>>> print(open('data01.cif').read())   # mmCIF, C-alpha atoms and all ligand atoms
data_start
loop_
_atom_site.label_atom_id
_atom_site.label_comp_id
_atom_site.auth_asym_id
_atom_site.auth_seq_id
_atom_site.Cartn_x
_atom_site.Cartn_y
_atom_site.Cartn_z
CA MET A 1 -8.59 -37.82 8.92
CA ASP A 2 -6.91 -39.13 5.78
CA ARG A 3 -5.26 -36.99 3.21
CA ASP A 4 -7.92 -37.41 0.56
CA ARG A 5 -10.55 -36.13 2.88
CA LEU A 6 -8.35 -33.23 3.84
CA ARG A 7 -7.63 -32.44 0.23
CA ASN A 8 -11.33 -32.60 -0.36
CA ILE A 9 -11.93 -30.02 2.32
CA GLN A 10 -9.18 -27.81 0.96
CA ASP A 11 -10.60 -28.11 -2.54
CA LYS A 12 -14.00 -27.17 -1.20
CA ASP A 13 -12.52 -24.13 0.57
CA GLN A 14 -10.78 -23.12 -2.62
CA PHE A 15 -14.00 -23.62 -4.54
CA LYS A 16 -15.91 -21.47 -2.07
CA ARG A 17 -13.27 -18.76 -2.26
CA ASN A 18 -13.33 -18.80 -6.04
CA ARG A 19 -17.08 -18.68 -6.04
CA ARG A 20 -17.01 -15.66 -3.74
CA ARG A 21 -14.47 -13.97 -5.94
CA HIS A 22 -16.58 -14.66 -9.01
CA ARG A 23 -19.62 -13.30 -7.26
CA ARG A 24 -17.74 -10.10 -6.50
CA ILE A 25 -16.62 -9.72 -10.09
CA LEU A 26 -20.14 -10.49 -11.32
CA LEU A 27 -21.54 -7.86 -9.00
CA VAL A 28 -19.18 -5.23 -10.37
CA LEU A 29 -19.91 -6.28 -13.94
CA SER A 30 -23.64 -6.30 -13.45
CA VAL A 31 -23.45 -2.81 -12.00
CA LEU A 32 -21.49 -1.64 -15.02
CA ILE A 33 -23.62 -3.38 -17.60
CA ALA A 34 -26.94 -2.52 -16.02
CA SER A 35 -25.97 1.12 -16.04
CA VAL A 36 -25.52 1.36 -19.77
CA PRO A 37 -29.16 1.87 -20.82
CA ALA A 38 -29.37 4.71 -18.33
CA GLY A 39 -26.36 6.31 -19.98
CA LEU A 40 -27.46 9.89 -20.00
CA SER A 41 -24.77 12.54 -19.97
CA LEU A 42 -24.68 15.32 -17.46
CA ARG A 43 -23.08 17.51 -20.04
CA GLU A 44 -22.34 16.83 -23.64
CA THR A 45 -18.63 16.82 -23.00
CA THR A 46 -18.86 14.20 -20.32
CA GLU A 47 -18.00 10.83 -21.70
CA PRO A 48 -19.41 7.97 -19.68
CA ARG A 49 -16.58 5.75 -18.53
CA THR A 50 -18.71 2.66 -19.12
CA GLU A 51 -18.81 3.28 -22.83
CA LEU A 52 -15.05 3.11 -22.97
CA LEU A 53 -15.04 -0.12 -21.00
CA LEU A 54 -17.52 -1.74 -23.31
CA ASN A 55 -15.70 -0.69 -26.44
CA ARG A 56 -12.76 -2.66 -25.25
CA SER A 57 -13.82 -5.79 -27.10
CA GLU A 58 -13.17 -4.10 -30.44
CA PRO A 59 -9.82 -4.98 -31.93
CA VAL A 60 -7.35 -2.43 -30.73
CA ASN A 61 -5.72 -1.92 -34.10
CA ALA A 62 -8.94 -1.70 -36.06
CA ALA A 63 -7.75 1.45 -37.82
CA LEU A 64 -4.54 -0.21 -38.90
CA SER A 65 -6.21 -3.14 -40.56
CA ASN A 66 -7.47 -0.80 -43.29
CA ALA A 67 -4.25 -0.62 -45.19
CA ASP A 68 -4.94 2.91 -46.44
CA GLU A 69 -4.20 5.75 -44.13
CA PRO A 70 -7.13 8.04 -43.55
CA GLY A 71 -6.86 11.15 -45.65
CA VAL A 72 -5.42 14.20 -44.00
CA GLU A 73 -8.63 16.12 -44.38
CA ASP A 74 -10.51 13.35 -42.54
CA ARG A 75 -8.18 13.43 -39.61
CA PRO A 76 -9.52 15.32 -36.59
CA ALA A 77 -7.48 18.27 -35.41
CA THR A 78 -7.56 16.79 -31.92
CA ALA A 79 -8.23 13.38 -30.49
CA SER A 80 -8.95 12.74 -26.87
CA GLY A 81 -10.22 10.01 -24.59
CA GLU A 82 -8.98 7.61 -22.00
CA ILE A 83 -6.12 5.20 -22.52
CA GLU A 84 -7.56 1.82 -23.46
CA VAL A 85 -6.74 -1.39 -21.69
CA LYS A 86 -3.75 -3.07 -23.37
CA GLU A 87 -3.12 -0.20 -25.73
CA PRO A 88 0.41 1.05 -25.23
CA PHE A 89 1.47 4.50 -26.35
CA TYR A 90 2.91 3.13 -29.59
CA ASP A 91 -0.34 1.40 -30.55
CA LEU A 92 -2.38 4.45 -29.64
CA MET A 93 -0.26 6.72 -31.84
CA LYS A 94 -0.29 4.21 -34.72
CA ARG A 95 -4.05 4.00 -34.49
CA LEU A 96 -4.17 7.78 -34.81
CA GLY A 97 -1.96 7.63 -37.87
CA ALA A 98 1.42 8.73 -36.52
CA GLU A 99 4.66 7.60 -38.16
CA ASP A 100 7.07 5.27 -36.35
CA ALA A 101 9.86 7.86 -36.36
CA GLU A 102 7.55 10.47 -34.88
CA ILE A 103 6.41 8.13 -32.10
CA LEU A 104 10.02 7.32 -31.30
CA ASN A 105 10.91 11.03 -31.13
CA MET A 106 8.04 11.68 -28.77
CA ALA A 107 8.97 8.78 -26.51
CA GLN A 108 12.60 9.90 -26.39
CA ALA A 109 11.71 13.50 -25.61
CA SER A 110 9.39 12.37 -22.89
CA ARG A 111 11.83 10.03 -21.19
CA LYS A 112 13.34 12.56 -18.78
CA ALA A 113 9.93 13.78 -17.60
CA PHE A 114 7.90 10.60 -17.82
CA ASP A 115 8.41 7.14 -19.32
CA LEU A 116 5.62 6.61 -21.83
CA HIS A 117 5.80 2.85 -21.24
CA MET A 118 4.09 3.63 -17.96
CA ILE A 119 0.86 5.04 -19.35
CA LYS A 120 -2.14 3.51 -17.61
CA ALA A 121 -5.53 2.45 -18.89
CA GLY A 122 -8.30 4.81 -17.87
CA GLN A 123 -6.11 7.95 -17.77
CA ALA A 124 -7.15 10.83 -19.99
CA TYR A 125 -5.13 12.04 -22.97
CA GLU A 126 -5.46 14.62 -25.70
CA ILE A 127 -3.55 14.84 -28.94
CA ARG A 128 -3.46 17.82 -31.26
CA PHE A 129 -2.43 17.53 -34.90
CA ASP A 130 -0.82 19.90 -37.35
CA ALA A 131 -2.45 21.00 -40.57
CA ASP A 132 -0.45 18.24 -42.31
CA GLY A 133 -1.87 15.66 -39.91
CA SER A 134 1.23 14.93 -37.86
CA PRO A 135 1.04 15.11 -34.07
CA ALA A 136 2.00 18.46 -32.58
CA ARG A 137 1.04 18.18 -28.93
CA PHE A 138 0.29 15.32 -26.55
CA GLU A 139 -1.19 15.72 -23.09
CA TYR A 140 -1.55 12.88 -20.66
CA GLU A 141 -2.82 12.85 -17.10
CA ILE A 142 -0.23 10.90 -15.15
CA ASP A 143 -2.45 11.01 -12.07
CA ASP A 144 -4.90 13.39 -10.41
CA GLN A 145 -2.19 15.95 -9.84
CA ARG A 146 0.21 15.78 -12.77
CA LEU A 147 -0.19 16.46 -16.45
CA LEU A 148 2.47 15.44 -18.97
CA ILE A 149 2.74 17.81 -21.93
CA LEU A 150 4.75 16.90 -25.01
CA SER A 151 4.92 19.71 -27.51
CA MET A 152 6.58 20.16 -30.86
CA SER A 153 8.25 23.39 -31.78
CA SER A 154 10.58 24.01 -34.73
CA GLY A 155 11.01 20.30 -35.36
CA GLU A 156 11.86 19.37 -31.76
CA TRP A 157 9.76 17.60 -29.17
CA SER A 158 9.99 18.77 -25.58
CA ALA A 159 8.37 17.48 -22.43
CA GLU A 160 7.19 19.09 -19.24
CA ILE A 161 5.00 18.20 -16.29
CA GLU A 162 2.38 20.62 -15.08
CA THR A 163 0.32 20.60 -11.93
CA ILE A 164 -3.32 20.05 -12.80
CA GLU A 165 -5.65 22.81 -11.69
CA TYR A 166 -9.17 21.73 -10.88
CA GLN A 167 -12.35 23.62 -10.32
CA VAL A 168 -14.20 22.02 -7.44
CA TRP A 169 -17.98 22.16 -7.61
CA GLU A 170 -20.46 20.92 -5.12
CA ARG A 171 -23.27 18.73 -6.31
CA VAL A 172 -26.35 17.44 -4.57
CA VAL A 173 -27.99 14.23 -5.69
CA LYS A 174 -31.26 13.06 -4.20
CA GLY A 175 -33.61 10.26 -4.97
CA VAL A 176 -35.47 7.16 -3.96
CA ILE A 177 -33.93 3.76 -4.56
CA LYS A 178 -35.70 1.79 -7.28
CA ASP A 179 -33.46 -1.28 -7.69
CA SER A 180 -30.28 -0.54 -5.81
CA LEU A 181 -28.39 2.50 -4.65
CA TYR A 182 -25.60 1.59 -7.09
CA LEU A 183 -27.92 1.77 -10.08
CA SER A 184 -29.62 4.87 -8.79
CA LEU A 185 -26.28 6.66 -8.41
CA MET A 186 -24.99 5.35 -11.71
CA GLU A 187 -28.03 6.83 -13.41
CA ALA A 188 -27.63 10.17 -11.67
CA CYS A 189 -23.86 10.58 -11.61
CA GLN A 190 -22.40 8.08 -14.09
CA THR A 191 -19.88 6.75 -11.66
CA THR A 192 -19.44 3.80 -9.34
CA ALA A 193 -16.87 5.71 -7.25
CA LEU A 194 -19.57 7.53 -5.34
CA ALA A 195 -21.40 4.34 -4.35
CA ILE A 196 -18.16 2.65 -3.36
CA ASN A 197 -17.12 5.61 -1.18
CA LEU A 198 -20.57 5.65 0.41
CA ALA A 199 -20.37 1.97 1.27
CA ASP A 200 -17.04 2.62 2.99
CA ILE A 201 -18.36 5.57 4.97
CA PHE A 202 -21.35 3.59 6.25
CA ALA A 203 -19.49 0.27 6.47
CA TRP A 204 -20.39 -0.21 10.14
CA ASP A 205 -23.98 0.96 10.03
CA ILE A 206 -25.48 -0.12 6.73
CA ASP A 207 -24.79 -3.30 4.83
CA PHE A 208 -25.27 -1.96 1.33
CA SER A 209 -25.97 -5.36 -0.20
CA LEU A 210 -28.47 -6.47 2.46
CA ASP A 211 -30.04 -3.49 4.19
CA LEU A 212 -30.94 -0.97 1.51
CA ARG A 213 -34.34 -1.49 -0.06
CA PRO A 214 -36.35 0.00 -2.91
CA GLY A 215 -38.21 2.98 -1.45
CA ASP A 216 -35.32 4.10 0.76
CA ALA A 217 -34.57 7.78 0.18
CA TYR A 218 -31.17 9.40 0.06
CA GLY A 219 -29.49 12.76 -0.29
CA ILE A 220 -25.79 13.21 -0.99
CA LEU A 221 -23.71 16.38 -1.08
CA TYR A 222 -20.35 15.83 -2.70
CA GLN A 223 -17.60 17.62 -4.53
CA GLU A 224 -16.95 17.22 -8.20
CA ARG A 225 -13.70 18.02 -9.88
CA TRP A 226 -13.72 19.65 -13.29
CA ARG A 227 -10.96 20.63 -15.65
CA GLY A 228 -12.42 23.27 -17.90
CA ASP A 229 -15.63 21.73 -19.16
CA ARG A 230 -14.52 18.16 -18.59
CA LEU A 231 -15.67 16.24 -15.54
CA ILE A 232 -12.76 14.47 -13.90
CA GLY A 233 -14.80 12.65 -11.31
CA PRO A 234 -16.36 12.80 -7.92
CA GLY A 235 -14.24 14.16 -5.12
CA ARG A 236 -14.95 14.16 -1.44
CA ILE A 237 -18.39 13.32 -0.09
CA LEU A 238 -19.38 16.12 2.32
CA ALA A 239 -22.65 14.83 3.73
CA VAL A 240 -25.06 11.96 3.25
CA GLN A 241 -28.46 11.12 4.64
CA ILE A 242 -30.15 7.82 3.97
CA ILE A 243 -33.60 6.93 5.22
CA ASN A 244 -33.48 3.14 5.52
CA GLN A 245 -36.72 1.47 6.62
CA GLY A 246 -37.72 4.63 8.50
CA ASP A 247 -34.36 5.11 10.25
CA THR A 248 -32.22 8.06 9.21
CA TYR A 249 -28.49 7.51 8.87
CA SER A 250 -26.32 10.61 8.58
CA ALA A 251 -22.68 11.02 7.78
CA VAL A 252 -20.88 14.30 7.62
CA TYR A 253 -17.31 15.11 6.71
CA TYR A 254 -15.25 17.12 9.15
CA LYS A 255 -11.60 18.08 9.39
CA ASP A 256 -10.68 18.79 12.99
CA ASP A 257 -8.25 21.41 14.27
CA SER A 258 -5.42 18.88 14.27
CA GLY A 259 -6.03 18.23 10.57
CA GLN A 260 -7.58 14.78 11.06
CA GLU A 261 -10.35 14.09 8.54
CA ASP A 262 -13.20 11.69 9.22
CA TYR A 263 -16.93 11.09 8.92
CA TYR A 264 -19.25 11.59 11.87
CA ASP A 265 -22.89 11.20 12.66
CA SER A 266 -24.93 14.35 13.31
CA ALA A 267 -23.97 14.22 17.01
CA GLY A 268 -20.25 14.17 16.23
CA ARG A 269 -19.62 10.49 16.90
CA SER A 270 -17.18 8.76 14.59
CA LEU A 271 -18.80 6.31 12.20
CA GLN A 272 -15.86 3.96 12.57
CA LYS A 273 -16.10 1.18 15.13
CA GLN A 274 -13.30 -0.89 16.57
CA PHE A 275 -12.78 -4.62 16.96
CA LEU A 276 -12.11 -6.21 20.32
CA LYS A 277 -8.37 -6.80 20.71
CA SER A 278 -9.17 -10.50 21.16
CA PRO A 279 -12.49 -12.35 21.28
CA LEU A 280 -11.82 -14.12 24.59
CA ARG A 281 -9.66 -14.23 27.73
CA PHE A 282 -6.85 -16.50 26.63
CA LYS A 283 -3.77 -18.04 28.21
CA TYR A 284 -1.43 -17.62 25.27
CA ILE A 285 -1.42 -17.55 21.49
CA SER A 286 -0.61 -21.11 20.45
CA SER A 287 -0.37 -20.45 16.74
CA TYR A 288 0.02 -17.26 14.76
CA PHE A 289 -1.23 -16.40 11.30
CA SER A 290 1.13 -17.99 8.83
CA LYS A 291 1.12 -18.84 5.14
CA ASN A 292 3.34 -21.85 5.87
CA ARG A 293 3.53 -23.77 9.13
CA LEU A 294 4.06 -27.39 10.11
CA HIS A 295 0.67 -28.71 11.11
CA PRO A 296 0.85 -30.31 14.59
CA ILE A 297 -1.39 -33.25 13.65
CA LEU A 298 -0.94 -33.65 9.93
CA LYS A 299 2.85 -33.09 10.09
CA ILE A 300 2.76 -31.35 6.76
CA GLN A 301 3.43 -27.77 5.77
CA ARG A 302 0.17 -25.95 5.36
CA PRO A 303 -0.97 -22.38 5.86
CA HIS A 304 -2.58 -21.37 9.13
CA LEU A 305 -4.78 -18.45 8.13
CA GLY A 306 -5.98 -17.45 11.58
CA VAL A 307 -4.86 -17.04 15.17
CA ASP A 308 -5.11 -19.82 17.79
CA TYR A 309 -5.84 -18.71 21.34
CA ALA A 310 -5.22 -21.42 23.96
CA ALA A 311 -7.81 -21.16 26.74
CA PRO A 312 -9.51 -23.52 29.19
CA TYR A 313 -12.38 -25.65 27.95
CA GLY A 314 -15.65 -23.68 28.25
CA THR A 315 -14.12 -20.16 28.20
CA PRO A 316 -16.74 -17.75 26.74
CA VAL A 317 -16.03 -16.55 23.20
CA ARG A 318 -17.31 -13.09 22.27
CA THR A 319 -18.01 -11.51 18.91
CA ALA A 320 -15.24 -9.05 18.06
CA ALA A 321 -17.69 -6.42 16.79
CA ASP A 322 -21.37 -5.83 16.04
CA GLY A 323 -22.69 -7.99 13.23
CA ARG A 324 -24.95 -10.74 12.06
CA VAL A 325 -24.53 -14.53 12.40
CA VAL A 326 -24.11 -15.94 8.90
CA TYR A 327 -22.98 -19.49 9.77
CA LYS A 328 -23.34 -21.80 12.73
CA GLY A 329 -22.43 -25.48 12.48
CA ARG A 330 -19.76 -28.09 11.70
CA ASP A 331 -17.16 -26.94 9.23
CA GLY A 332 -14.63 -29.75 8.62
CA HIS A 333 -11.40 -29.25 10.55
CA MET A 334 -12.80 -26.09 12.17
CA GLY A 335 -15.30 -28.25 14.12
CA ASN A 336 -18.17 -26.25 15.56
CA MET A 337 -17.89 -22.86 13.98
CA ILE A 338 -19.66 -19.51 14.01
CA LYS A 339 -19.14 -16.88 11.37
CA ILE A 340 -20.20 -13.27 11.84
CA ARG A 341 -20.54 -10.72 9.07
CA HIS A 342 -19.81 -7.27 10.48
CA ASN A 343 -20.37 -5.17 7.40
CA GLY A 344 -19.65 -5.08 3.71
CA ILE A 345 -15.91 -5.30 4.45
CA TYR A 346 -15.25 -7.45 7.51
CA SER A 347 -16.31 -10.88 8.77
CA THR A 348 -14.88 -13.05 11.55
CA ALA A 349 -15.12 -16.78 12.31
CA TYR A 350 -14.66 -18.73 15.53
CA GLY A 351 -13.70 -22.42 15.36
CA HIS A 352 -13.30 -25.58 17.52
CA LEU A 353 -16.13 -24.44 19.85
CA SER A 354 -17.44 -26.93 22.41
CA ARG A 355 -20.91 -25.43 22.18
CA TYR A 356 -22.80 -22.35 21.03
CA ALA A 357 -24.45 -19.63 23.09
CA LYS A 358 -28.02 -20.53 23.94
CA GLY A 359 -30.59 -19.39 21.40
CA LEU A 360 -28.02 -18.10 18.91
CA GLY A 361 -29.18 -18.63 15.34
CA VAL A 362 -28.17 -17.77 11.79
CA GLY A 363 -29.46 -14.35 10.76
CA GLN A 364 -29.43 -13.04 14.29
CA SER A 365 -27.81 -9.69 15.13
CA VAL A 366 -25.07 -9.65 17.76
CA LYS A 367 -23.52 -6.78 19.68
CA GLN A 368 -19.78 -6.42 20.19
CA GLY A 369 -18.67 -8.46 23.22
CA GLU A 370 -21.77 -10.65 23.23
CA ILE A 371 -21.06 -14.32 24.08
CA ILE A 372 -21.57 -16.47 20.99
CA GLY A 373 -20.00 -19.78 22.09
CA TYR A 374 -17.49 -21.57 24.31
CA VAL A 375 -13.94 -22.81 23.79
CA GLY A 376 -13.62 -26.48 22.87
CA SER A 377 -11.53 -28.84 20.79
CA THR A 378 -13.93 -29.99 18.07
CA GLY A 379 -12.66 -30.60 14.56
CA LEU A 380 -8.95 -31.00 13.85
CA SER A 381 -7.47 -29.87 17.16
CA THR A 382 -4.90 -31.01 19.72
CA GLY A 383 -6.45 -29.33 22.76
CA PRO A 384 -8.93 -26.66 23.80
CA HIS A 385 -8.34 -23.44 21.87
CA LEU A 386 -10.16 -20.92 19.73
CA HIS A 387 -9.28 -20.59 16.08
CA TYR A 388 -10.07 -16.99 15.13
CA SER A 389 -10.32 -16.06 11.44
CA PHE A 390 -10.59 -12.55 10.16
CA TYR A 391 -11.88 -11.76 6.68
CA LYS A 392 -11.47 -8.49 4.84
CA HIS A 393 -13.34 -8.31 1.51
CA GLY A 394 -13.73 -12.09 1.72
CA LYS A 395 -10.00 -12.73 2.07
CA LEU A 396 -8.43 -14.21 5.19
CA ILE A 397 -5.98 -11.78 6.73
CA ASN A 398 -3.98 -11.56 9.93
CA PRO A 399 -6.20 -10.01 12.63
CA LEU A 400 -3.16 -9.06 14.70
CA ARG A 401 -1.78 -7.01 11.82
CA GLU A 402 -4.97 -5.28 10.75
CA LYS A 403 -5.03 -1.77 12.13
CA ASN A 404 -8.16 -1.12 14.12
CA PRO A 405 -10.13 1.69 12.53
CA ARG A 406 -9.88 4.98 14.39
CA ALA A 407 -12.98 5.64 16.42
CA LYS A 408 -12.78 9.07 17.98
CA SER A 409 -15.56 11.52 18.54
CA ILE A 410 -15.33 15.26 18.08
CA PRO A 411 -13.64 16.81 21.13
CA SER A 412 -16.07 18.96 23.12
CA SER A 413 -13.99 22.08 22.52
CA GLU A 414 -14.69 21.73 18.79
CA HIS A 415 -18.39 20.94 19.08
CA PRO A 416 -19.72 24.41 18.16
CA LYS A 417 -17.53 24.50 15.06
CA PHE A 418 -18.48 20.94 14.10
CA GLU A 419 -22.19 21.58 14.61
CA ALA A 420 -22.20 24.68 12.43
CA SER A 421 -20.42 22.87 9.63
CA ALA A 422 -22.51 19.70 10.00
CA ARG A 423 -25.80 21.59 9.92
CA ARG A 424 -24.79 23.48 6.79
CA PHE A 425 -23.85 20.25 4.98
CA LEU A 426 -26.66 18.05 6.23
CA ASP A 427 -29.36 20.62 5.35
CA ARG A 428 -28.28 20.42 1.76
CA ALA A 429 -28.20 16.61 1.77
CA GLN A 430 -31.80 16.35 2.98
CA PRO A 431 -33.26 13.24 1.29
CA SER A 432 -36.14 13.79 -1.06
CA GLU A 433 -39.24 11.65 -1.11
CA ASN A 434 -39.56 12.57 -4.76
CA GLU A 435 -39.34 9.52 -7.03
CA LYS A 436 -37.36 11.49 -9.57
CA ILE A 437 -33.61 11.55 -9.13
CA THR A 438 -32.32 15.08 -9.07
CA ALA A 439 -28.69 15.90 -9.60
CA ALA A 440 -27.96 19.59 -9.47
CA ILE A 441 -24.69 21.42 -9.34
CA ASP A 442 -25.10 23.72 -6.42
CA ARG A 443 -22.40 26.33 -6.20
CA PRO A 444 -18.64 26.45 -6.43
CA GLY A 445 -17.11 24.71 -3.46
CA ALA A 446 -14.73 26.09 -0.93
ZN ZN B 501 -6.05 -22.67 14.19
#
>>> encode(input="data01.cif", output="structure tokens")
Amino acid sequence: MDRDRLRNIQDKDQFKRNRRRHRRILLVLSVLIASVPAGLSLRETTEPRTELLLNRSEPVNAALSNADEPGVEDRPATASGEIEVKEPFYDLMKRLGAEDAEILNMAQASRKAFDLHMIKAGQAYEIRFDADGSPARFEYEIDDQRLLILSMSSGEWSAEIETIEYQVWERVVKGVIKDSLYLSLMEACQTTALAINLADIFAWDIDFSLDLRPGDAYGILYQERWRGDRLIGPGRILAVQIINQGDTYSAVYYKDDSGQEDYYDSAGRSLQKQFLKSPLRFKYISSYFSKNRLHPILKIQRPHLGVDYAAPYGTPVRTAADGRVVYKGRDGHMGNMIKIRHNGIYSTAYGHLSRYAKGLGVGQSVKQGEIIGYVGSTGLSTGPHLHYSFYKHGKLINPLREKNPRAKSIPSSEHPKFEASARRFLDRAQPSENEKITAAIDRPGA
């Protein structure tokens, strides 16, 4: 193969990767944008995060461009919100009308407790002003646990860090999917975090982008964290039930006696599944995952983003985990290749195959350990071996480094305790066949 052709293949790979990345970004954007018309608040004090994101296109220093300062009487006694993208502390304070010297004093006072250069977009802040309109108190949530408080007393700024106290409430949301679960949850709860956490919990059982359909019903019991009357965000999901095409999928949170936390099905089986240690019986690993290796044929430095297992011609190759065949065919230097999508997170690919398993086709479901093909030397290869690629969120990673998810079931000694807790949670997360989405705060959580 000449270099141009190789470059061509590499360009194509790069193009495909970029396209996938764009698709991911588009998906996230479309979720955010599509949710805006449904922007109903749970409480008046709850500011939808999306609104802040969309306001971002406004010039940051809009207030400054009006040369006149707003009159003192116009100035609110407090200002609060979330730190904007690319708005450092200085710009924020200027926008709110603070003097340079004042901002400098605040930053200096803060330095020992927290460096105000480190404020992050999306974190909440609140500023209180004096009667004369100058800042008197600044609160900033460093993270979920710590609150920075800058306060002014007798002409001096001082800083301290407080531990944030939350009230944890439990909320149940139920509904029937109209377009997608993402949109349904955005409408009900105003957050993408819940949908993302759900997709992780069910990663091995439900492919959120392929399996869920309009008409599927769901019920979710989760914790919500509040500070006073302000919603901080969703906390832990306690139980979920999804009726997908007539099958019920359950997940329930449980912390075992050793302190290990995980999600289980109603029978106490872990929802995590493991990958096979290797997808075939091999003689030795002939090439490891490397970002930079000397290619044995091309004699140039190029990354090897997979693991090569040397094995005799015709050795059966097995799928590393349950999944669905998404590609079967020639793929440039990979020769005969099969790619399996396991869930919304993981995919694997198997290259240089001599042939495929009989009857295997794209779209077909495969069970872990099922034979999908046989070792060969098709494509760019010096001898019979399997090239094994491992994708996480569409990115090639080293399968030998990736920690296998834990997959333990509830020990029998803890079954009675688990069952009592699971029943209590799952009863409350009973899906509703009602078209209307209900989102009710239940009772203070434990
Ligand atoms: Zn290889």
>>> residues_near_point(input="data01.cif", point="(-2.2, -13.8, 16.4)", cutoff="9 Å", atoms="all atoms listed in the file", output="NGL selection string")
:A and (285-289 or 306-309 or 388 or 398-401)
>>> residues_around(input="data01.cif", residues="Ala357 (chain A)", least_positions_apart="6", cutoff="10 Å", atoms="all atoms listed in the file", output="PyMOL selection string")
chain A and resi 316-318+370-374
>>> residues_near_ligand(input="data01.cif", ligand="ligand ZN 501 (chain B)", cutoff="12 Å", atoms="all atoms listed in the file", output="ChimeraX atom specification")
/A:285-290,293-297,302-310,333-335,337,349-353,377-390
>>> closest_residue(input="data01.cif", among="A:Phe425, A:Phe129, A:Phe275, A:Tyr166", to="Ser151 (chain A)", atoms="all atoms listed in the file")
A:Phe129
>>> residues_around(input="data01.cif", residues="region 137-149 of chain A", least_positions_apart="6", cutoff="10 Å", atoms="only C-alpha atoms", output="mmCIF file with C-alpha atoms, in the frame of the given file")
data_model
loop_
_atom_site.group_PDB
_atom_site.id
_atom_site.type_symbol
_atom_site.label_atom_id
_atom_site.label_comp_id
_atom_site.auth_asym_id
_atom_site.auth_seq_id
_atom_site.Cartn_x
_atom_site.Cartn_y
_atom_site.Cartn_z
ATOM 1 C CA THR A 78 -7.560 16.790 -31.920
ATOM 2 C CA ALA A 79 -8.230 13.380 -30.490
ATOM 3 C CA SER A 80 -8.950 12.740 -26.870
ATOM 4 C CA GLY A 81 -10.220 10.010 -24.590
ATOM 5 C CA GLU A 82 -8.980 7.610 -22.000
ATOM 6 C CA ILE A 83 -6.120 5.200 -22.520
ATOM 7 C CA MET A 106 8.040 11.680 -28.770
ATOM 8 C CA SER A 110 9.390 12.370 -22.890
ATOM 9 C CA ALA A 113 9.930 13.780 -17.600
ATOM 10 C CA PHE A 114 7.900 10.600 -17.820
ATOM 11 C CA LEU A 116 5.620 6.610 -21.830
ATOM 12 C CA MET A 118 4.090 3.630 -17.960
ATOM 13 C CA ILE A 119 0.860 5.040 -19.350
ATOM 14 C CA LYS A 120 -2.140 3.510 -17.610
ATOM 15 C CA GLY A 122 -8.300 4.810 -17.870
ATOM 16 C CA GLN A 123 -6.110 7.950 -17.770
ATOM 17 C CA ALA A 124 -7.150 10.830 -19.990
ATOM 18 C CA TYR A 125 -5.130 12.040 -22.970
ATOM 19 C CA GLU A 126 -5.460 14.620 -25.700
ATOM 20 C CA ILE A 127 -3.550 14.840 -28.940
ATOM 21 C CA ARG A 128 -3.460 17.820 -31.260
ATOM 22 C CA PHE A 129 -2.430 17.530 -34.900
ATOM 23 C CA ASP A 130 -0.820 19.900 -37.350
ATOM 24 C CA TRP A 157 9.760 17.600 -29.170
ATOM 25 C CA SER A 158 9.990 18.770 -25.580
ATOM 26 C CA ALA A 159 8.370 17.480 -22.430
ATOM 27 C CA GLU A 160 7.190 19.090 -19.240
ATOM 28 C CA ILE A 161 5.000 18.200 -16.290
ATOM 29 C CA GLU A 162 2.380 20.620 -15.080
ATOM 30 C CA THR A 163 0.320 20.600 -11.930
ATOM 31 C CA ILE A 164 -3.320 20.050 -12.800
ATOM 32 C CA GLU A 165 -5.650 22.810 -11.690
ATOM 33 C CA TYR A 166 -9.170 21.730 -10.880
ATOM 34 C CA ARG A 225 -13.700 18.020 -9.880
ATOM 35 C CA ILE A 232 -12.760 14.470 -13.900
ATOM 36 C CA GLY A 233 -14.800 12.650 -11.310
#
>>> atom_distance(input="data01.cif", atom1="CA of Gly259 (chain A)", atom2="CA of Gln430 (chain A)")
26.9 Å
>>> residues_near_point(input="data01.cif", point="(-23.2, 19.1, 10.6)", cutoff="10 Å", atoms="all atoms listed in the file", output="PyMOL selection string")
chain A and resi 238-239+250-254+264-268+415-427
>>> write_last_selection(input="data01.cif", atoms="C-alpha atoms", output="short mmCIF file (atom, residue, chain, number, x, y, z; two decimals), in the frame of the given file")
data_model
loop_
_atom_site.label_atom_id
_atom_site.label_comp_id
_atom_site.auth_asym_id
_atom_site.auth_seq_id
_atom_site.Cartn_x
_atom_site.Cartn_y
_atom_site.Cartn_z
CA LEU A 238 -19.38 16.12 2.32
CA ALA A 239 -22.65 14.83 3.73
CA SER A 250 -26.32 10.61 8.58
CA ALA A 251 -22.68 11.02 7.78
CA VAL A 252 -20.88 14.30 7.62
CA TYR A 253 -17.31 15.11 6.71
CA TYR A 254 -15.25 17.12 9.15
CA TYR A 264 -19.25 11.59 11.87
CA ASP A 265 -22.89 11.20 12.66
CA SER A 266 -24.93 14.35 13.31
CA ALA A 267 -23.97 14.22 17.01
CA GLY A 268 -20.25 14.17 16.23
CA HIS A 415 -18.39 20.94 19.08
CA PRO A 416 -19.72 24.41 18.16
CA LYS A 417 -17.53 24.50 15.06
CA PHE A 418 -18.48 20.94 14.10
CA GLU A 419 -22.19 21.58 14.61
CA ALA A 420 -22.20 24.68 12.43
CA SER A 421 -20.42 22.87 9.63
CA ALA A 422 -22.51 19.70 10.00
CA ARG A 423 -25.80 21.59 9.92
CA ARG A 424 -24.79 23.48 6.79
CA PHE A 425 -23.85 20.25 4.98
CA LEU A 426 -26.66 18.05 6.23
CA ASP A 427 -29.36 20.62 5.35
#
